[in-house]
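Here the structure is laid out as structure tokens; the discussion comes afterwards.
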Amino acid sequence: MGTEAYLIVASLLFLIGASGFLLRRNLLVMFMSIELMLNGAALLFVTFARHWNRMDGQIFVFFIIALAAAEAAVGLSILIAIFRLKHRVNADELSELKG
Amino acid sequence: MSAAGRGREGEWALSFHAIIFWALAAMTIVPAIGIVVSKNIVHMAFWLLGTLLGVAGLYLHMEADFLGMTQVFVYIGGINVLLLFGIMLTNREPLYVRAAVKRPAIASAVLLGVVVAVGLIQSFGATEWHTVKDAVAPGLADASAKAVVNGDGTAATLGTYLLSDYILPFEIVSILLLVVLVGAAYIARRDPEGGSA
Amino acid sequence: MESYFTFVSSVLGFEPTSLLGFVGAIAVWAVPITAFVSVVGLVSIWLERKISAHIQCRVGPMEVGPHGALQTLADGIKLLGKEDLVPAQADRILFGLAPMLVFASTFVGFAVIPFSQKAVIADLNLGIFFLAAVGSLEAIGVVMAGWSSNNKWSLFGAIRAATQVVSYEIPLGLSLLAVVVVAGSMSLNDITQAQSGWVWNWFLFRNPFMWAVFLIYFIASLAECKRAPFDLPEAESELVSGFHTEYSGMRFAIFFLAEYGAMYIVSAIAVVLFFGGWYTGIPFLDHISGSIGGTTGVVVENLIGAGTIIVKSFLLICVQMWIRWTLPRIRLDQMMDLCLKYLLPFSLVLLVAVSLWQAFQGPIDGGNSVMGMIMLAATVASLIWMRRLAGRVSKASALRRELPVVKTGL
């Protein structure tokens with residue numbers, strides 16, 4: 001399969017994630033959309049790793065996966081802390097800091 | 001079927017490889033759309049499972065075997081389960097997400113998405129990647145990548161890279177993970193005094 | 001494209017020339033795995049009934065077949081004929097999908113489990129990692145089952161299962177990693193071949209830490225399989241039957257089969273990692289093709305290998321059952337304590353210790369064999385000592401309660 005096909009799939013994945021992030025206000029759904037975007041970016045890295053026949057891209061994906069795991073752990077614990085305070089996990093309702 | 005699947009299919013021979021690729025691409029894109037349009041938040045988490053599996057399949061398809069399995073191990077075994085956990089801990093009664101966004105916002109987001117998608121697909125399709133490859137960097141491929149082609153897998157090469165050329169980012173990531181471990185436990189714990197955390 | 005074709009043709013020995021051939025090739029391997037999983041399920045369910053019965057001074061099923069050996073088959077046929085019930089408020093699609101996902105995660109694992117040097121469907125060079133990865137899919141299937149049933153007991157069971165599997169994956173993975181450090185490979189074939197020769201070459205006796213690594217692996221694998229004392233996700237006395245409360249008929253049978261398949265997989269991994277895989281521990285038997293020669297020799301050698309690994313795995317399955325019918329279920333907080341406060345730090349320390357041992361002891365010529373002999377002798381001595389200690393304790397407690405000394409046969 002050519003490089004283009006992978007690039008198109010990766011960019012579609014990223015765009016779906018980005019639009020989901022803009023459209024949805026629930027923190028969990030926004031989190032899932034971020035995961036979609038990360039996966040799209042990672043797919044691009046692997047595609048170019050294969051295209052140039054070098055391993056660097058794959059190593060970046062390695063770091064992306066590690067960062068995604070870190071993000072999931074911190075993000076979800078923040079989410080639970082917010083839920084304890086507000087009993088809601090909606091991004092639009094967390095607006096008390098606007099003075 | 002993915003939007004990318006239409007129109008371009010004729011250009012490539014409908015080989016076995018292509019069938020697998022399009023199946024994996026559909027498996028990646030369709031659940032991704034499912035996440036954005038679904039109303040039930042638990043369904044979204046299971047749609048995410050489909051996308052993650054599809055991406056893992058695409059990695060394996062590109063002969064990045066170690067990454068594909070890491071994807072399954074970390075993303076599905078860890079992050080997706082954690083996500084389901086978060087959903088079940090934070091959504092008590094209605095698991096349905098209401099669309100709180102105003103209509104202009106939806107329209108602008110969709111418009112933006114479509115415009116960027118068309119632009120990206122156009123530019124990716126227009127670039128002659130193989131010409132670029134030969135012109136820019138004929139000697140870029142290194143010897144270690146040959147091991148992949150020979151079917152020895154990527155694990156050994158990845159390990160060598162991580163502990164030689166990429167040792168600094170590797171260590172930074174490991175420290176980051178340690179900090180995250182402590183931080184997540186601290187944020188999520190109940191305040192022992194009973195006050196608000 | 002080449003990768004799939006070379007892979008399939010190397011497995012099959014011939015080259016499938018079309019998509020149809022490829023699908024056919026997959027089917028050729030899927031059928032025997034399905035058959036093997038079913039047979040493993042039948043045998044282990046029968047074993048479980050018999051072992052539990054004998055531990056509780058009963059005889060267990062005796063009617064169908066010799067010593068009730070065909071009872072499970074009869075029950076399976078009964079389950080096939082049962083009505084396929086779906087709760088009214090259940091999420092129908094996910095409810096149907098969940099057993100398939102759970103079964104698939106077990107089923108796929110069988111593709112890399114070796115039976116002998118030649119009889120392995122896919123000798124991946126990331127074999128162990130692959131098994132760990134597909135094993136983690138099961139957690140998602142369990143959560144899916146629990147949530148889609150729309151039953152609070154199911155949901156509780158599912159959440160408990162997810163907690164347990166995600167937590168115990170870490171000590172499990174670290175103990176696998178310790179073996180990978182010793183073997184220098186993640187391929188199950190390479191790991192086994194590093195243990196050829198006499199019994200003391202098995203990784204269990206390779207260095208002073210491997211016994212501890214094995215114990216951590218075994219405890220964590222009990223938790224991964226949701227076996228007692230870690231059967232919190234399906235605790236009968238608390239949650240009816242946990243995540244599969246609402247399942248009946250064939251779907252329930254699939255869950256059941258997957259559970260016993262998973263037990264075989266974790267036992268087979270333990271055998272490959274610590275107990276020499278398909279090697280009997282007697283070099284003459286392991287390399288019998290050298291003395292018989294020809295195709296017959298190869299066939300006999302592989303048959304001996306397959307028999308050995310299956311027998312060893314079933315012995316470990318029996319230990320799992322023994323534990324299930326002996327120990328009481330632990331509480332949720334005890335389960336988390338055990339994982340995070342004991343297994344996790346210990347497995348980290350052991351990983352470091354094994355790596356250091358490997359770095360300093362590994363290069364010494366013949367060091368492994370000498371160490372293995374010492375460890376084997378120590379193991380045998382401690383087993384004899386424990387047997388005597390156990391005998392004394394059971395005799396003392398029987399005397400105290402004026403009960404007859406019960407011999408369970410285990």
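Following the order of the structure tokens, first chain is A, next is B, and so on, with residues numbered from 1 inside each chain and ligands from 1 in the order they appear.
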Legend entry - Spatial neighbours of B:Phe66, 8 Å, only C-alpha atoms, chain gap at least 4 places, as a VMD selection string: (chain B and resid 70 153 to 155) or (chain C and resid 126)
Just the selected residues (C-alpha atoms), exported as a short mmCIF file (atom, residue, chain, number, x, y, z; two decimals), in the first residue's frame, please.
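What ended up in again_20.cif:
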data_model
loop_
_atom_site.label_atom_id
_atom_site.label_comp_id
_atom_site.auth_asym_id
_atom_site.auth_seq_id
_atom_site.Cartn_x
_atom_site.Cartn_y
_atom_site.Cartn_z
CA THR B 70 2.39 -2.08 22.63
CA GLY B 153 11.04 -7.88 13.99
CA THR B 154 11.60 -4.41 15.32
CA ALA B 155 12.05 -5.17 19.00
CA LEU C 126 7.41 -11.34 20.35
#
Inset, instruction - For stretch 254-260 of chain C, please output as a count of residues only all residues within 8 Å (counting only C-alpha atoms; exclusion window: fewer than 5 positions along the same chain). - result: 14
Legend entry - Gap from atom CA of B:Ala109 to atom CA of A:Val29 - Å, one decimal: 15.7 Å
Legend entry - 12 Å contact set for stretch 174-179 of chain B, only C-alpha atoms, chain neighbours under 6 positions out, as a ChimeraX atom specification: /A:62-63,65-74 /B:162,167-168,185-187
Only N, CA and C atoms, please: the residues just picked out, written as a compact mmCIF listing (two decimals), in the first residue's frame.
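See selection-v6.txt below for the written result:
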# COMPACT_ATOMS: atom_id res chain seq x y z
N PHE A 62 6.54 5.38 20.31
CA PHE A 62 6.77 4.80 21.64
C PHE A 62 6.56 5.85 22.72
N PHE A 63 7.18 7.02 22.51
CA PHE A 63 7.04 8.08 23.50
C PHE A 63 5.60 8.60 23.53
N ILE A 65 2.92 6.89 23.04
CA ILE A 65 2.09 5.95 23.81
C ILE A 65 2.35 6.15 25.30
N ALA A 66 3.62 6.34 25.68
CA ALA A 66 3.93 6.56 27.10
C ALA A 66 3.26 7.84 27.59
N LEU A 67 3.31 8.90 26.76
CA LEU A 67 2.69 10.16 27.17
C LEU A 67 1.18 10.00 27.26
N ALA A 68 0.60 9.23 26.35
CA ALA A 68 -0.84 9.05 26.38
C ALA A 68 -1.25 8.34 27.66
N ALA A 69 -0.43 7.37 28.08
CA ALA A 69 -0.74 6.67 29.33
C ALA A 69 -0.65 7.64 30.50
N ALA A 70 0.39 8.50 30.49
CA ALA A 70 0.53 9.48 31.56
C ALA A 70 -0.65 10.42 31.58
N GLU A 71 -1.04 10.86 30.39
CA GLU A 71 -2.16 11.79 30.26
C GLU A 71 -3.44 11.15 30.78
N ALA A 72 -3.63 9.86 30.45
CA ALA A 72 -4.83 9.17 30.90
C ALA A 72 -4.87 9.11 32.42
N ALA A 73 -3.73 8.79 33.02
CA ALA A 73 -3.72 8.64 34.47
C ALA A 73 -4.02 9.96 35.16
N VAL A 74 -3.30 11.04 34.75
CA VAL A 74 -3.52 12.33 35.40
C VAL A 74 -4.89 12.87 35.05
N LEU B 162 16.62 2.96 21.73
CA LEU B 162 16.14 3.61 22.95
C LEU B 162 17.27 3.76 23.95
N ILE B 167 18.55 7.87 24.48
CA ILE B 167 18.60 7.59 25.92
C ILE B 167 18.05 8.76 26.73
N LEU B 168 18.31 10.01 26.29
CA LEU B 168 17.84 11.15 27.08
C LEU B 168 16.31 11.23 27.09
N ALA B 185 -1.97 9.59 41.96
CA ALA B 185 -2.40 9.04 43.25
C ALA B 185 -2.75 10.17 44.21
N TYR B 186 -1.99 11.28 44.14
CA TYR B 186 -2.24 12.39 45.04
C TYR B 186 -3.56 13.10 44.70
N ILE B 187 -3.78 13.33 43.41
CA ILE B 187 -4.98 14.08 43.02
C ILE B 187 -6.24 13.27 43.31
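Separating atom CA of C:Gly68 from atom CA of C:Val240 is a distance of 27.0 Å.
Look at C:Gly276: the protein and nucleic acid residues within 9 Å of it, using only C-alpha atoms and passing over chain neighbours fewer than 6 places away, are Ile191, Thr192, Gln193, Ala194, Gln195, Ser196, Val199, Asn201, Trp202, Phe203, Leu204 and Ile309 of chain C.
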Selected residues written out with C-alpha atoms, as a short mmCIF file (atom, residue, chain, number, x, y, z; two decimals), in the first residue's frame:
data_model
loop_
_atom_site.label_atom_id
_atom_site.label_comp_id
_atom_site.auth_asym_id
_atom_site.auth_seq_id
_atom_site.Cartn_x
_atom_site.Cartn_y
_atom_site.Cartn_z
CA ILE C 191 12.98 -19.49 25.66
CA THR C 192 12.24 -23.21 25.68
CA GLN C 193 15.38 -24.10 23.79
CA ALA C 194 17.45 -22.21 26.35
CA GLN C 195 16.21 -24.80 28.87
CA SER C 196 17.18 -27.96 27.01
CA VAL C 199 16.05 -30.89 34.66
CA ASN C 201 18.60 -26.40 33.19
CA TRP C 202 15.00 -25.31 33.59
CA PHE C 203 14.64 -21.62 34.31
CA LEU C 204 13.02 -22.39 37.64
CA ILE C 309 3.88 -29.79 27.75
#
